[in-house]
Amino acid sequence: MGDDTQSLTIEQVVQYLDENTDFFMNNPEALESLQLNQSPDGTISLAQRQTQRLQVKTQKLHEQLNALIENAHSNSELQDRIHRLCLRLMDALSIDELLTLLVVELKQEFDADEVALRLFYSGDDIAKLPKVEGNISQLHVDDKSLKVFDSLLAKQQPVCGRLTKAQKTVLFGEQANDVASVACLPLGHEPCAGILAIGSYDANRFHSDMGTVYLAFLGDVLMRLLRQYCHHIDG
């Protein structure tokens, strides 16, 4: 007769013990057959090594928890800042005051190093914007430079983090290389009325874990305020 026994692999043994952590407690006689070398002087026992591994895992869990708490606090502060900014923008009495206030407040409240506003227009329906200090201009919706934003505009959601060099060039021009992280907001939906970009020279200033719901709200509020002065903005 053939031998029906099957040899177990190390992986199978490890998997079984992992699924039956109380095996040696329920089968203490199995310990008698184990060959365990005594720990030489200056080394640690298996129990000590297990304790150390558990401590490392616990430390990682604490770090993850602290990161979640920190992000929650950061998002709460972001919500408060956007709330205050929207109230100030709604108090503006003219488009000159609105645009000036937007740039100044974003640099103060959001520690922005660069602020860019690109408004879109179609046909020949271009609005006459006031000459205010800031990186503000208009682009035709079919402008070839906007192709690099197709993905962003298709999702119609703000993004935080890093943009491509081509995207930063459209928004920040000569300062593109200095901008390391960006919060980029589409203004309005179907069609999008423009893009607002808040740039920082700090690569960690704007990151993917930031809450974008509040940024989307800011984009919607700004679009509606601009619509009062720029009739081609009807998103």
# chains A, B, ... in the order shown; residues from 1 in each chain; ligands from 1

$ residues_around --residues "Leu187 of chain A" --least-positions-apart "4" --cutoff "7 Å" --atoms "only C-alpha atoms" --output "list in words"
Cys192, Ala193, Gly194, Ile195, Gly219, Asp220 and Met223 of chain A

$ write_last_selection --atoms "C-alpha atoms" --output "mmCIF file, in the first residue's frame"
data_model
loop_
_atom_site.group_PDB
_atom_site.id
_atom_site.type_symbol
_atom_site.label_atom_id
_atom_site.label_comp_id
_atom_site.auth_asym_id
_atom_site.auth_seq_id
_atom_site.Cartn_x
_atom_site.Cartn_y
_atom_site.Cartn_z
ATOM 1 C CA CYS A 192 -16.936 74.625 -14.740
ATOM 2 C CA ALA A 193 -16.523 78.401 -14.469
ATOM 3 C CA GLY A 194 -12.844 78.370 -13.560
ATOM 4 C CA ILE A 195 -10.091 77.135 -11.282
ATOM 5 C CA GLY A 219 -15.501 76.939 -4.754
ATOM 6 C CA ASP A 220 -19.301 76.971 -4.998
ATOM 7 C CA MET A 223 -18.546 80.958 -8.204
#

$ residues_around --residues "Asn177 of chain A" --least-positions-apart "4" --cutoff "12 Å" --atoms "only C-alpha atoms" --output "JSON, numbers by chain"
{"A": [114, 162, 163, 164, 165, 166, 167, 168, 169, 170, 171, 172, 173, 181, 199, 200, 201, 202, 203]}

$ closest_residue --among "A:Arg81, A:His62, A:Arg224, A:Lys155" --to "Gln108 of chain A" --atoms "only C-alpha atoms"
A:Arg81

$ select_by_dssp --residues "segment 40-202 of chain A" --states "alpha helix (DSSP H)" --output "ChimeraX atom specification"
/A:46-90,95-109,150-155,165-172

$ select_by_dssp --residues "segment 98-135 of chain A" --states "strand (DSSP E)" --output "list in words"
Glu114, Val115, Ala116, Leu117, Arg118, Leu119, Phe120, Tyr121 and Asn135 of chain A

$ write_last_selection --atoms "C-alpha atoms" --output "compact mmCIF listing (two decimals), in the first residue's frame"
# COMPACT_ATOMS: atom_id res chain seq x y z
CA GLU A 114 0.82 81.79 -4.28
CA VAL A 115 -2.82 82.22 -5.29
CA ALA A 116 -4.04 81.77 -8.87
CA LEU A 117 -7.52 82.34 -10.27
CA ARG A 118 -8.37 81.28 -13.82
CA LEU A 119 -11.86 82.13 -15.06
CA PHE A 120 -13.25 80.46 -18.17
CA TYR A 121 -15.28 82.07 -20.94
CA ASN A 135 -2.46 86.25 -10.37

$ residues_around --residues "Cys184 of chain A" --least-positions-apart "2" --cutoff "8 Å" --atoms "only C-alpha atoms" --output "tab-separated table (two decimals) with C-alpha atoms, in the first residue's frame"
chain	number	residue	atom	x	y	z
A	158	PRO	CA	-10.98	69.71	-5.33
A	159	VAL	CA	-7.61	68.03	-5.11
A	160	CYS	CA	-4.84	68.62	-2.59
A	182	VAL	CA	-1.41	72.91	-4.06
A	186	PRO	CA	-12.92	73.80	-9.70
A	195	ILE	CA	-10.09	77.14	-11.28
A	196	LEU	CA	-8.83	78.53	-8.00
A	197	ALA	CA	-5.40	77.31	-6.89
A	198	ILE	CA	-3.79	77.88	-3.50

$ residues_around --residues "Val132 of chain A" --least-positions-apart "4" --cutoff "8 Å" --atoms "only C-alpha atoms" --output "PyMOL selection string"
chain A and resi 96+99-100

$ closest_residue --among "A:Ala154, A:Val103, A:Leu226, A:Leu218" --to "His83 of chain A" --atoms "only C-alpha atoms"
A:Leu218

$ atom_distance --atom1 "atom CA of Leu152 of chain A" --atom2 "atom CA of Leu87 of chain A"
26.8 Å
